[in-house]
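Raw contents of entry_13.cif, mmCIF, C-alpha atoms and all ligand atoms:
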data_input
loop_
_atom_site.label_atom_id
_atom_site.label_comp_id
_atom_site.auth_asym_id
_atom_site.auth_seq_id
_atom_site.Cartn_x
_atom_site.Cartn_y
_atom_site.Cartn_z
CA MET B 1 95.78 146.24 53.05
CA THR B 2 93.87 146.45 56.34
CA ASN B 3 90.94 144.48 54.91
CA LYS B 4 93.31 141.92 53.42
CA ILE B 5 94.78 141.28 56.87
CA LYS B 6 91.31 141.10 58.47
CA ASN B 7 90.21 138.60 55.81
CA LEU B 8 93.24 136.42 56.52
CA PHE B 9 92.01 135.90 60.08
CA SER B 10 88.30 135.68 59.24
CA LEU B 11 86.47 132.38 59.80
CA GLU B 12 83.24 133.68 58.23
CA GLY B 13 81.32 130.76 56.68
CA ARG B 14 83.60 128.11 58.24
CA VAL B 15 82.38 125.22 60.38
CA ALA B 16 84.37 124.01 63.39
CA ILE B 17 84.30 121.07 65.80
CA VAL B 18 85.95 121.32 69.21
CA THR B 19 86.27 118.06 71.15
CA GLY B 20 85.80 118.63 74.86
CA GLY B 21 84.38 122.03 73.88
CA ASP B 22 82.28 122.20 77.03
CA GLY B 23 85.39 122.15 79.24
CA ARG B 24 87.30 125.10 80.67
CA LEU B 25 89.53 125.85 77.67
CA GLY B 26 87.17 124.21 75.17
CA ILE B 27 84.68 127.02 75.81
CA GLU B 28 87.45 129.56 75.19
CA HIS B 29 88.38 127.89 71.88
CA ALA B 30 84.69 127.87 70.89
CA LYS B 31 84.38 131.59 71.78
CA ALA B 32 87.44 132.53 69.74
CA LEU B 33 86.32 130.59 66.65
CA SER B 34 82.78 131.91 66.92
CA VAL B 35 83.85 135.57 67.30
CA ALA B 36 86.04 135.10 64.20
CA GLY B 37 82.89 134.03 62.30
CA ALA B 38 82.76 130.22 62.50
CA THR B 39 79.77 128.03 63.32
CA VAL B 40 81.02 125.90 66.20
CA TYR B 41 80.06 122.45 67.52
CA SER B 42 81.32 120.87 70.72
CA PHE B 43 81.66 117.07 70.90
CA ASP B 44 81.60 116.37 74.62
CA THR B 45 80.20 113.93 77.16
CA VAL B 46 79.30 116.80 79.53
CA ARG B 47 77.09 119.78 78.68
CA SER B 48 77.97 123.30 79.86
CA ASP B 49 75.46 126.19 79.92
CA ALA B 50 78.29 128.65 79.23
CA LEU B 51 78.96 127.00 75.85
CA ALA B 52 75.38 127.42 74.62
CA LYS B 53 75.96 131.12 73.77
CA VAL B 54 78.75 130.37 71.31
CA ALA B 55 78.39 126.78 70.08
CA THR B 56 76.11 123.79 69.67
CA HIS B 57 76.74 120.88 72.02
CA ILE B 58 76.46 117.34 70.64
CA ASP B 59 76.69 114.43 73.08
CA VAL B 60 79.69 112.44 71.88
CA ASP B 61 82.10 110.12 73.62
CA ILE B 62 85.16 110.49 71.38
CA THR B 63 86.49 107.09 72.43
CA GLU B 64 83.60 105.61 70.39
CA PRO B 65 84.15 106.02 66.62
CA GLU B 66 80.45 105.27 65.83
CA GLN B 67 79.37 108.17 68.08
CA ILE B 68 81.82 110.49 66.33
CA ALA B 69 80.58 109.34 62.91
CA ARG B 70 76.96 110.04 63.90
CA ALA B 71 77.82 113.50 65.19
CA VAL B 72 79.88 114.35 62.10
CA SER B 73 76.89 113.35 59.93
CA GLN B 74 74.71 115.70 61.99
CA VAL B 75 77.17 118.59 61.49
CA ILE B 76 77.23 117.94 57.73
CA LYS B 77 73.42 117.74 57.60
CA ASP B 78 73.04 121.01 59.56
CA SER B 79 76.00 123.04 58.24
CA GLY B 80 77.16 121.32 55.04
CA ARG B 81 80.93 121.26 55.66
CA ILE B 82 83.71 120.90 58.24
CA ASP B 83 86.67 123.28 58.04
CA ILE B 84 88.22 123.11 61.50
CA LEU B 85 88.79 120.34 64.05
CA VAL B 86 90.23 121.22 67.44
CA ASN B 87 91.36 118.05 69.26
CA ASN B 88 91.10 119.41 72.80
CA ALA B 89 89.38 116.76 74.98
CA VAL B 90 91.42 115.37 77.84
CA ILE B 91 91.26 113.39 81.06
CA ASP B 92 93.65 115.08 83.49
CA PRO B 93 92.64 114.52 87.12
CA PRO B 94 93.71 117.35 89.47
CA LEU B 95 96.08 116.77 92.38
CA PRO B 96 94.03 114.79 94.94
CA LYS B 97 93.31 116.26 98.37
CA GLU B 98 94.95 114.62 101.40
CA GLY B 99 93.46 111.19 102.04
CA GLU B 100 92.02 110.93 98.51
CA ALA B 101 93.27 108.32 96.01
CA GLY B 102 95.06 109.30 92.80
CA TRP B 103 98.46 110.35 91.43
CA GLU B 104 99.83 106.92 92.49
CA ALA B 105 103.47 105.82 92.32
CA TYR B 106 104.15 104.64 88.75
CA PRO B 107 104.46 100.88 89.49
CA GLU B 108 101.00 100.97 91.10
CA PHE B 109 99.31 103.33 88.61
CA PRO B 110 95.89 101.79 87.82
CA GLN B 111 95.65 100.20 84.37
CA ALA B 112 92.06 101.44 83.93
CA GLN B 113 93.11 105.07 84.54
CA TRP B 114 96.05 104.73 82.12
CA GLU B 115 93.77 103.35 79.41
CA LYS B 116 91.13 106.04 80.00
CA GLU B 117 93.62 108.90 79.69
CA ILE B 118 95.20 107.45 76.54
CA SER B 119 91.87 106.59 74.95
CA VAL B 120 90.38 110.10 75.36
CA GLY B 121 93.48 112.22 74.78
CA LEU B 122 95.23 110.26 72.04
CA SER B 123 92.91 107.64 70.51
CA GLY B 124 90.00 110.12 70.62
CA ALA B 125 92.08 112.60 68.60
CA GLN B 126 92.94 109.88 66.05
CA TYR B 127 89.28 108.76 65.75
CA SER B 128 88.07 112.37 65.37
CA LEU B 129 90.66 112.97 62.65
CA GLN B 130 89.60 109.76 60.88
CA ALA B 131 85.97 110.93 60.90
CA VAL B 132 86.60 114.40 59.42
CA ALA B 133 89.50 113.53 57.08
CA PRO B 134 87.38 112.28 54.13
CA ILE B 135 85.31 115.50 54.26
CA MET B 136 88.35 117.78 54.43
CA ILE B 137 90.11 115.82 51.66
CA LYS B 138 87.02 116.25 49.45
CA GLN B 139 86.97 120.01 50.25
CA LYS B 140 90.76 120.05 49.65
CA LYS B 141 90.99 122.41 52.60
CA GLY B 142 90.85 122.23 56.38
CA SER B 143 92.70 122.99 59.58
CA VAL B 144 93.21 120.55 62.42
CA ILE B 145 94.59 121.88 65.69
CA GLN B 146 95.88 119.45 68.32
CA ILE B 147 95.85 120.97 71.78
CA SER B 148 99.09 119.87 73.42
CA SER B 149 100.92 121.35 76.39
CA THR B 150 104.30 122.17 77.86
CA SER B 151 103.94 118.54 79.04
CA GLY B 152 104.45 117.54 75.40
CA ILE B 153 107.95 119.04 75.64
CA THR B 154 109.20 118.74 79.22
CA ALA B 155 108.91 116.13 81.99
CA PRO B 156 106.59 116.47 84.96
CA ASN B 157 108.57 117.81 87.92
CA HIS B 158 107.33 115.51 90.67
CA SER B 159 109.29 117.42 93.32
CA LYS B 160 106.63 120.17 93.06
CA TYR B 161 103.98 117.81 94.46
CA PRO B 162 103.37 116.43 97.97
CA ALA B 163 105.47 113.35 98.89
CA GLY B 164 104.05 110.16 97.40
CA ARG B 165 102.07 111.97 94.66
CA PHE B 166 103.19 111.69 91.02
CA LYS B 167 101.70 113.38 87.97
CA SER B 168 100.32 110.66 85.70
CA ALA B 169 102.78 109.45 83.06
CA ALA B 170 99.79 109.14 80.72
CA TYR B 171 99.34 112.95 80.51
CA PRO B 172 102.78 113.79 79.01
CA THR B 173 102.50 110.64 76.90
CA VAL B 174 99.22 111.89 75.41
CA LYS B 175 100.51 115.44 74.90
CA THR B 176 103.75 114.21 73.25
CA GLY B 177 101.83 111.65 71.21
CA LEU B 178 99.68 114.42 69.76
CA LEU B 179 102.81 116.01 68.27
CA GLY B 180 103.58 112.76 66.43
CA LEU B 181 99.97 112.44 65.31
CA THR B 182 100.17 116.01 63.99
CA ARG B 183 103.19 115.31 61.80
CA ALA B 184 101.89 111.93 60.57
CA TRP B 185 98.49 113.30 59.48
CA ALA B 186 99.93 116.46 57.89
CA SER B 187 102.21 114.25 55.82
CA TYR B 188 99.27 111.94 54.98
CA PHE B 189 97.12 114.82 53.68
CA SER B 190 100.04 115.92 51.50
CA ALA B 191 100.49 112.36 50.18
CA VAL B 192 96.82 112.00 49.18
CA GLY B 193 96.72 115.24 47.20
CA ALA B 194 95.15 117.42 49.90
CA PRO B 195 98.14 119.41 51.21
CA ASP B 196 95.90 122.31 52.20
CA VAL B 197 94.30 120.17 54.86
CA ARG B 198 96.76 121.36 57.47
CA VAL B 199 97.51 119.84 60.87
CA ASN B 200 99.34 121.78 63.58
CA ALA B 201 99.79 121.43 67.32
CA LEU B 202 99.43 124.18 69.89
CA CYS B 203 101.37 123.68 73.14
CA LEU B 204 99.84 125.66 75.99
CA GLY B 205 101.26 126.65 79.36
CA ALA B 206 99.35 126.71 82.64
CA VAL B 207 96.15 128.75 82.88
CA ASN B 208 94.91 130.94 85.71
CA PHE B 209 91.38 129.60 86.15
CA LYS B 210 89.11 130.86 88.94
CA GLU B 211 89.63 127.70 91.02
CA ILE B 212 93.42 128.15 91.21
CA THR B 213 94.65 128.36 94.84
CA PRO B 214 96.84 131.30 95.98
CA GLU B 215 99.66 128.80 96.78
CA LEU B 216 99.57 127.30 93.27
CA LEU B 217 99.37 130.78 91.70
CA GLU B 218 102.51 131.76 93.65
CA LYS B 219 104.33 128.63 92.35
CA LEU B 220 103.21 129.25 88.77
CA LYS B 221 104.54 132.82 88.88
CA GLY B 222 108.11 131.50 89.01
CA ARG B 223 107.65 128.99 86.24
CA ASN B 224 108.01 131.15 83.14
CA MET B 225 109.65 134.33 81.85
CA LEU B 226 106.44 136.34 81.96
CA GLY B 227 106.08 135.60 85.70
CA ARG B 228 102.44 134.51 85.52
CA PRO B 229 100.15 131.82 84.14
CA ALA B 230 98.01 132.66 81.07
CA SER B 231 94.54 134.07 81.49
CA PRO B 232 91.92 131.70 80.00
CA ASP B 233 91.33 133.94 76.94
CA GLU B 234 95.02 134.40 76.11
CA TYR B 235 95.13 131.52 73.60
CA HIS B 236 92.31 132.97 71.43
CA GLY B 237 94.73 134.65 69.03
CA ALA B 238 96.89 131.57 68.46
CA LEU B 239 93.84 129.41 67.90
CA VAL B 240 92.31 131.75 65.30
CA PHE B 241 95.73 132.08 63.62
CA LEU B 242 96.04 128.29 63.24
CA ALA B 243 92.39 127.83 62.20
CA SER B 244 92.44 130.59 59.58
CA ASP B 245 94.21 131.38 56.31
CA ALA B 246 96.66 133.51 58.31
CA SER B 247 98.61 130.25 58.83
CA ALA B 248 98.06 128.94 55.27
CA PHE B 249 101.77 128.09 54.77
CA MET B 250 102.05 126.23 58.09
CA THR B 251 101.51 122.49 58.55
CA ALA B 252 103.02 119.66 60.63
CA GLN B 253 104.31 122.25 63.11
CA THR B 254 104.12 122.90 66.83
CA LEU B 255 103.34 126.39 68.06
CA ILE B 256 104.42 126.88 71.66
CA MET B 257 102.68 129.55 73.74
CA ASP B 258 103.94 129.15 77.28
CA GLY B 259 105.36 132.47 78.50
CA GLY B 260 108.85 131.16 77.75
CA GLN B 261 108.55 128.24 80.17
CA THR B 262 110.03 125.47 78.03
CA THR B 263 113.07 127.44 76.90
CA TRP B 264 114.22 128.08 80.48
N1 LIG K 1 94.16 123.76 81.90
C1 LIG K 1 95.43 124.03 81.66
O1 LIG K 1 96.10 124.74 82.43
C2 LIG K 1 96.07 123.48 80.41
C3 LIG K 1 97.42 123.76 80.16
C4 LIG K 1 98.00 123.25 79.00
C5 LIG K 1 97.24 122.50 78.10
N2 LIG K 1 95.93 122.24 78.39
C6 LIG K 1 95.19 121.42 77.44
O2 LIG K 1 93.99 122.09 77.10
C7 LIG K 1 92.96 121.15 76.83
C8 LIG K 1 91.73 121.45 77.65
O3 LIG K 1 92.05 121.44 79.02
P1 LIG K 1 90.99 121.94 80.13
O4 LIG K 1 91.78 122.44 81.25
O5 LIG K 1 89.97 122.79 79.50
O6 LIG K 1 90.34 120.52 80.55
P2 LIG K 1 88.88 120.25 81.10
O7 LIG K 1 88.99 119.00 81.93
O8 LIG K 1 88.27 121.46 81.71
O9 LIG K 1 88.05 119.90 79.77
C9 LIG K 1 88.19 118.69 79.12
C10 LIG K 1 86.88 118.38 78.42
O10 LIG K 1 87.01 117.10 77.74
C11 LIG K 1 85.78 116.43 77.89
N3 LIG K 1 85.91 114.98 77.71
C12 LIG K 1 86.47 114.07 78.56
N4 LIG K 1 86.31 112.84 78.09
C13 LIG K 1 85.65 112.94 76.91
C14 LIG K 1 85.19 112.00 75.95
N5 LIG K 1 85.38 110.68 76.12
N6 LIG K 1 84.54 112.46 74.85
C15 LIG K 1 84.33 113.79 74.68
N7 LIG K 1 84.73 114.74 75.56
C16 LIG K 1 85.39 114.31 76.66
C17 LIG K 1 85.36 116.76 79.33
O11 LIG K 1 83.98 116.47 79.56
C18 LIG K 1 85.69 118.23 79.41
O12 LIG K 1 84.61 119.05 79.01
C19 LIG K 1 93.55 119.77 77.11
O13 LIG K 1 93.97 119.17 75.91
C20 LIG K 1 94.73 120.08 78.01
O14 LIG K 1 95.76 119.11 77.93
C21 LIG K 1 95.32 122.70 79.51
#

Any chance you could put this one into structure tokens?
Ligand SMILES: NC(=O)c1ccc[n+]([C@@H]2O[C@H](COP(=O)([O-])OP(=O)(O)OC[C@H]3O[C@@H](n4cnc5c(N)ncnc54)[C@H](O)[C@@H]3O)[C@@H](O)[C@H]2O)c1
Amino acid sequence: MTNKIKNLFSLEGRVAIVTGGDGRLGIEHAKALSVAGATVYSFDTVRSDALAKVATHIDVDITEPEQIARAVSQVIKDSGRIDILVNNAVIDPPLPKEGEAGWEAYPEFPQAQWEKEISVGLSGAQYSLQAVAPIMIKQKKGSVIQISSTSGITAPNHSKYPAGRFKSAAYPTVKTGLLGLTRAWASYFSAVGAPDVRVNALCLGAVNFKEITPELLEKLKGRNMLGRPASPDEYHGALVFLASDASAFMTAQTLIMDGGQTTW
């Protein structure tokens, strides 16, 4: 029984791609998948030394389908298969310091910034799915995990921010859009005879990274039922669950891990 449960969560012999895997949470996803046994690749425009211990970085701009196709071919050449895709990459500029530009009022929000956020967070997820889908369909098995957020469920509360600063409307649009993309692709895989290529979304709450300020930490404490933001490694379990056979009967769903925030 014990071994059966362990095997359910094992990713031994599986191959995973994490988009934006060199970022703060991307590295955590890569660690979790690698500890569970997977060979992990990060598709990212930026290289992080911390990732090198757990995954292979490939320079990819996921807004460019040809770059994704090239990188996917490299993964297949080196590892022979693709079992897991984690659509994690994002453009989410932090609250600007006083005097800096950014977080503009919605009527003045720059078109270029809007397009950049949508093209990385949403179109990049679609293009990455398009690149791995034929391989997963051929394998008749795979797990795609779309990293969404509480922002995929609730509205940004602008009153939390300094006067005249507004959280980009593109961010919740991307995170909500990923939930639709999840359901559409899960249904597609079922329609083309590959129902075991599963697609699920994981909505995360705020994370306590090192750079968090004491003021923001204080604010975040009141935001959910657990009274604290997540530590960066606290999503490992959910990620391995969705990537592995432990979630074999789950597709087209949204798993919310937010300390109770969105039910308050
Ligand atoms: N940080 C949080 O508190 C939090 C909370 C909820 C959900 N999330 C979600 O978790 C995910 C990761 O967030 P994070 O905080 O680690 O962000 P991050 O900014 O640290 O990492 C994002 C990564 O995406 C990469 N990227 C950007 N453009 C790219 C492109 N064109 N092609 C390939 N890679 C590109 C960046 O280089 C970076 O490494 C996001 O989907 C985010 O919405 C984060």

Exercise for the section: Could you check how far CA of Met257 in chain B sits from atom C8 of ligand LIG 1 (chain K), in Å to one decimal? Expected result: 14.2 Å

Practice task
Mind giving me the straight-line distance from CA of Tyr106 in chain B to CA of Ser159 in chain B in Å, one decimal?
Solution key: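 Calculated distance between CA of Tyr106 in chain B and CA of Ser159 in chain B is 14.5 Å.
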
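Between Lys160 in chain B and the candidates B:Val86, B:Ala252, B:Leu216, B:Ala69, the tightest atom-to-atom separation, counting all atoms listed in the file, involves B:Leu216.
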
Problem - Spatial neighbours of range 8-12 of chain B, 7 Å, all atoms listed in the file, chain gap at least 2 places, as a PyMOL selection string - result: chain B and resi 4-6+14+36-38+240-241+244-246

Practice task
May I ask which of the residues B:Trp103, B:Phe109, B:Tyr235, B:Tyr171 is the closest one to His29 in chain B, counting all atoms listed in the file?
Solution key: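 Of B:Trp103, B:Phe109, B:Tyr235, B:Tyr171, the one nearest His29 in chain B, counting all atoms listed in the file, is B:Tyr235.
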
Exercise for the section: Counting only C-alpha atoms and all ligand atoms, figure out which residue out of B:Ser119, B:Asn7, B:Thr39, B:Gln130 gets nearest to ligand LIG 1 (chain K). Expected result: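 Checking each of B:Ser119, B:Asn7, B:Thr39, B:Gln130 against ligand LIG 1 (chain K), counting only C-alpha atoms and all ligand atoms, the winner is B:Ser119.
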
Completion exercise
Ala52 in chain B proximity check over B:Arg70, B:His236, B:Arg228, B:Lys31, using all atoms listed in the file: winner is B:Lys31

Practice task
Return as a ChimeraX atom specification every polymer residue, whether protein, DNA or RNA, with at least one atom no more than 8 Å from an atom of ligand LIG 1 (chain K); count only C-alpha atoms and all ligand atoms.
Solution key: /B:19-27,43-48,59-64,87-93,119-121,124,146-151,171,175,203-209

Practice task
Could you check how far CA of Ala186 in chain B sits from CA of Ala248 in chain B, in Å to one decimal?
Solution key: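 Between CA of Ala186 in chain B and CA of Ala248 in chain B the gap is 12.9 Å.
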
Range 6-16 of chain B, all listed atoms, 6 Å padding on each side: what axis-aligned box centre and edge lengths in Å to one decimal come out, as AutoDock Vina command-line options?
--center_x 87.3 --center_y 132.6 --center_z 59.6 --size_x 23.9 --size_y 29.1 --size_z 19.6

Practice task
Go through B:Thr251, B:Ser73, B:Thr154, B:Gln261 one by one, measure the shortest atom-to-atom distance of each to Pro195 in chain B using only C-alpha atoms, and give the residue with the smallest value.
Solution key: B:Thr251

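Residue nearest Gly80 in chain B within the list B:Ala191, B:Val15, B:Asn157, B:Glu66: B:Val15 [criterion: smallest interatomic distance, all atoms listed in the file].
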
Handout entry: Within 6 Å of file point (79.6, 121.7, 68.5), counting only C-alpha atoms, expressed as a PyMOL selection string
Key = chain B and resi 17+40-43+55-58
